[in-house]
Amino acid sequence: MVKIKSLSDQVYDYIINQIKTGKLAYGAKVNENKLIEELNISRTPIREALIQLASDNVLDNISRKGFFVKSYSDEEVNEIYSVVGILDSNAIKLAIPHLKSAHLKMMRFEVEKMAIAIKEKNYEMYTLSQEEFHSIYLEQCHNSYLIALVKDIWKKSLRTTYYSLDQEELFKTLASVNEEHLIIIDLIEKKDIEGAGDFVYKHWSEHLI
């Protein structure tokens, strides 16, 4: 049975998406009145979502000032990427024996979507497809704790896709990253467990700030 999300859960996901896609910058104040207008709902579920996001360490709740997107220094972002790289490397090594042709087909589909997103300069589309690409093999690692840990880091660190205000530099870099996604698929097809693990770690670490 599909669980229907509450309004506050939907607001929670909406704000997460706004941060992931760069529409809400790190350190930016979350405008409650703007959310009310954009989502056409009352203040109560919005406040509930903001409080939960603060509890989950996604937002900072500053007394008498409001809610702000948690800021990360370049050093902190690099540390997060390094941890994700280690965990994701382990995940793909565990997943390879369980990955079927259908999984690889889905991964190729996400690569194609990312290529379209790059061409159209659609960062949001790229971000969502990038996470889906990595989620396909993550879900097949058969380690529920590892899956939960990676997804929790994705949620709390939020922007797991390279970002730059320079649009030309941004999409040039993303095009290079997407080429690496094809290499990952090739290593999976070859059943090169160690090679895939090493490359995935490199894939994350080479795009540090």
# chains A, B, ... in the order shown; residues from 1 in each chain; ligands from 1
>>> closest_atom_pairs(of="range 55-125 of chain A", to="range 184-203 of chain A", cutoff="9 Å", atoms="only C-alpha atoms", output="Markdown table")
| residue | atom | partner | partner_atom | distance |
| --- | --- | --- | --- | --- |
| A:Ser82 | CA | A:Tyr201 | CA | 7.9 |
| A:Val84 | CA | A:Tyr201 | CA | 8.2 |
| A:Gly85 | CA | A:Tyr201 | CA | 4.5 |
| A:Ile86 | CA | A:Tyr201 | CA | 5.9 |
| A:Leu87 | CA | A:Tyr201 | CA | 8.4 |
| A:Asp88 | CA | A:Val200 | CA | 6.9 |
| A:Ser89 | CA | A:Gly197 | CA | 4.4 |
| A:Asn90 | CA | A:Gly197 | CA | 6.4 |
| A:Ala91 | CA | A:Gly197 | CA | 8.1 |
| A:Ile92 | CA | A:Gly197 | CA | 6.2 |
| A:Lys93 | CA | A:Ile193 | CA | 5.1 |
| A:Leu94 | CA | A:Ile193 | CA | 8.2 |
| A:Ala95 | CA | A:Ile193 | CA | 8.9 |
| A:Ile96 | CA | A:Ile188 | CA | 6.1 |
| A:Pro97 | CA | A:Lys191 | CA | 7.6 |
| A:Leu99 | CA | A:Ile188 | CA | 8.0 |
| A:Ser101 | CA | A:Glu189 | CA | 8.6 |
| A:Leu104 | CA | A:Ile185 | CA | 6.7 |
| A:Met107 | CA | A:Ile185 | CA | 7.5 |
| A:Arg108 | CA | A:Ile185 | CA | 7.7 |
>>> write_last_selection(atoms="all heavy atoms", output="tab-separated table (two decimals), in the first residue's frame")
chain	number	residue	atom	x	y	z
A	82	SER	N	34.33	13.15	0.30
A	82	SER	CA	35.28	12.06	0.56
A	82	SER	C	34.59	10.88	1.23
A	82	SER	O	34.82	9.72	0.86
A	82	SER	CB	36.42	12.56	1.43
A	82	SER	OG	37.20	13.50	0.75
A	84	VAL	N	31.30	10.22	1.14
A	84	VAL	CA	30.38	9.64	0.15
A	84	VAL	C	31.15	8.74	-0.82
A	84	VAL	O	30.69	7.65	-1.17
A	84	VAL	CB	29.61	10.73	-0.62
A	84	VAL	CG1	28.82	10.13	-1.78
A	84	VAL	CG2	28.66	11.48	0.30
A	85	GLY	N	32.33	9.19	-1.22
A	85	GLY	CA	33.15	8.40	-2.15
A	85	GLY	C	33.51	7.04	-1.58
A	85	GLY	O	33.43	6.02	-2.26
A	86	ILE	N	33.91	7.03	-0.31
A	86	ILE	CA	34.28	5.77	0.35
A	86	ILE	C	33.07	4.83	0.44
A	86	ILE	O	33.14	3.64	0.10
A	86	ILE	CB	34.84	6.05	1.76
A	86	ILE	CG1	36.18	6.77	1.66
A	86	ILE	CG2	35.00	4.75	2.54
A	86	ILE	CD1	36.68	7.34	2.97
A	87	LEU	N	31.94	5.38	0.87
A	87	LEU	CA	30.73	4.56	1.03
A	87	LEU	C	30.20	4.08	-0.31
A	87	LEU	O	29.80	2.92	-0.45
A	87	LEU	CB	29.65	5.37	1.77
A	87	LEU	CG	29.98	5.77	3.20
A	87	LEU	CD1	28.88	6.67	3.77
A	87	LEU	CD2	30.14	4.53	4.09
A	88	ASP	N	30.20	4.98	-1.30
A	88	ASP	CA	29.67	4.62	-2.62
A	88	ASP	C	30.57	3.60	-3.30
A	88	ASP	O	30.10	2.71	-4.02
A	88	ASP	CB	29.53	5.88	-3.48
A	88	ASP	CG	28.49	5.74	-4.56
A	88	ASP	OD1	27.47	5.05	-4.31
A	88	ASP	OD2	28.66	6.31	-5.64
A	89	SER	N	31.87	3.71	-3.07
A	89	SER	CA	32.82	2.73	-3.60
A	89	SER	C	32.52	1.34	-3.04
A	89	SER	O	32.52	0.34	-3.77
A	89	SER	CB	34.24	3.16	-3.24
A	89	SER	OG	35.17	2.14	-3.57
A	90	ASN	N	32.26	1.29	-1.76
A	90	ASN	CA	31.93	0.02	-1.12
A	90	ASN	C	30.59	-0.52	-1.65
A	90	ASN	O	30.44	-1.72	-1.91
A	90	ASN	CB	31.87	0.19	0.39
A	90	ASN	CG	31.81	-1.15	1.13
A	90	ASN	OD1	32.42	-2.12	0.70
A	90	ASN	ND2	31.09	-1.18	2.23
A	91	ALA	N	29.65	0.39	-1.84
A	91	ALA	CA	28.33	-0.01	-2.31
A	91	ALA	C	28.38	-0.66	-3.69
A	91	ALA	O	27.75	-1.70	-3.93
A	91	ALA	CB	27.38	1.20	-2.33
A	92	ILE	N	29.14	-0.05	-4.61
A	92	ILE	CA	29.18	-0.61	-5.97
A	92	ILE	C	29.89	-1.96	-6.00
A	92	ILE	O	29.51	-2.86	-6.76
A	92	ILE	CB	29.80	0.38	-6.98
A	92	ILE	CG1	29.39	-0.02	-8.40
A	92	ILE	CG2	31.31	0.46	-6.83
A	92	ILE	CD1	29.66	1.04	-9.44
A	93	LYS	N	30.89	-2.13	-5.13
A	93	LYS	CA	31.58	-3.42	-5.08
A	93	LYS	C	30.64	-4.52	-4.58
A	93	LYS	O	30.67	-5.65	-5.08
A	93	LYS	CB	32.82	-3.32	-4.18
A	93	LYS	CG	33.94	-2.50	-4.81
A	93	LYS	CD	35.26	-2.68	-4.09
A	93	LYS	CE	35.31	-1.97	-2.78
A	93	LYS	NZ	36.66	-2.03	-2.15
A	94	LEU	N	29.81	-4.18	-3.61
A	94	LEU	CA	28.83	-5.14	-3.10
A	94	LEU	C	27.71	-5.40	-4.11
A	94	LEU	O	27.14	-6.49	-4.16
A	94	LEU	CB	28.22	-4.62	-1.79
A	94	LEU	CG	29.15	-4.54	-0.58
A	94	LEU	CD1	28.44	-3.85	0.58
A	94	LEU	CD2	29.60	-5.94	-0.16
A	95	ALA	N	27.41	-4.38	-4.91
A	95	ALA	CA	26.26	-4.45	-5.82
A	95	ALA	C	26.54	-5.23	-7.10
A	95	ALA	O	25.63	-5.88	-7.64
A	95	ALA	CB	25.79	-3.04	-6.17
A	96	ILE	N	27.76	-5.17	-7.60
A	96	ILE	CA	28.06	-5.73	-8.92
A	96	ILE	C	27.57	-7.17	-9.12
A	96	ILE	O	26.99	-7.49	-10.16
A	96	ILE	CB	29.56	-5.58	-9.25
A	96	ILE	CG1	29.85	-4.12	-9.62
A	96	ILE	CG2	29.99	-6.50	-10.39
A	96	ILE	CD1	31.31	-3.81	-9.92
A	97	PRO	N	27.76	-8.08	-8.14
A	97	PRO	CA	27.26	-9.45	-8.36
A	97	PRO	C	25.73	-9.52	-8.51
A	97	PRO	O	25.21	-10.54	-9.01
A	97	PRO	CB	27.71	-10.18	-7.09
A	97	PRO	CG	28.87	-9.39	-6.58
A	97	PRO	CD	28.52	-7.97	-6.89
A	99	LEU	N	23.80	-6.97	-9.99
A	99	LEU	CA	23.30	-6.09	-11.04
A	99	LEU	C	23.01	-6.87	-12.33
A	99	LEU	O	23.85	-7.62	-12.81
A	99	LEU	CB	24.29	-4.97	-11.33
A	99	LEU	CG	24.43	-3.92	-10.21
A	99	LEU	CD1	25.63	-3.01	-10.46
A	99	LEU	CD2	23.16	-3.10	-10.07
A	101	SER	N	21.11	-6.91	-16.43
A	101	SER	CA	21.08	-6.07	-17.63
A	101	SER	C	20.02	-4.98	-17.51
A	101	SER	O	20.20	-3.88	-18.03
A	101	SER	CB	20.82	-6.92	-18.87
A	101	SER	OG	19.59	-7.62	-18.76
A	104	LEU	N	21.50	-2.02	-15.72
A	104	LEU	CA	22.41	-1.27	-16.59
A	104	LEU	C	21.62	-0.45	-17.61
A	104	LEU	O	22.02	0.68	-17.93
A	104	LEU	CB	23.36	-2.23	-17.31
A	104	LEU	CG	24.33	-2.98	-16.40
A	104	LEU	CD1	25.15	-3.99	-17.20
A	104	LEU	CD2	25.26	-2.02	-15.68
A	107	MET	N	20.48	2.59	-15.85
A	107	MET	CA	21.60	3.50	-15.62
A	107	MET	C	21.94	4.26	-16.91
A	107	MET	O	22.21	5.47	-16.88
A	107	MET	CB	22.82	2.73	-15.10
A	107	MET	CG	22.63	2.20	-13.68
A	107	MET	SD	23.95	1.09	-13.12
A	107	MET	CE	25.29	2.26	-12.89
A	108	ARG	N	21.92	3.56	-18.05
A	108	ARG	CA	22.16	4.24	-19.33
A	108	ARG	C	21.09	5.28	-19.62
A	108	ARG	O	21.37	6.35	-20.18
A	108	ARG	CB	22.21	3.21	-20.46
A	108	ARG	CG	23.48	2.39	-20.50
A	108	ARG	CD	23.65	1.67	-21.83
A	108	ARG	NE	24.82	0.80	-21.80
A	108	ARG	CZ	24.80	-0.45	-21.41
A	108	ARG	NH1	23.66	-1.00	-21.01
A	108	ARG	NH2	25.92	-1.17	-21.40
>>> atom_distance(atom1="CA of Ser6 in chain A", atom2="CA of Lys20 in chain A")
21.2 Å
>>> closest_residue(among="A:Lys155, A:Lys113, A:Lys119, A:Arg43", to="His181 in chain A", atoms="only C-alpha atoms")
A:Lys113
>>> atom_distance(atom1="CA of Ile19 in chain A", atom2="CA of Leu182 in chain A")
26.9 Å
>>> residues_around(residues="Ser135 in chain A", least_positions_apart="4", cutoff="9 Å", atoms="only C-alpha atoms", output="ChimeraX atom specification")
/A:130-131,139-140,147,151
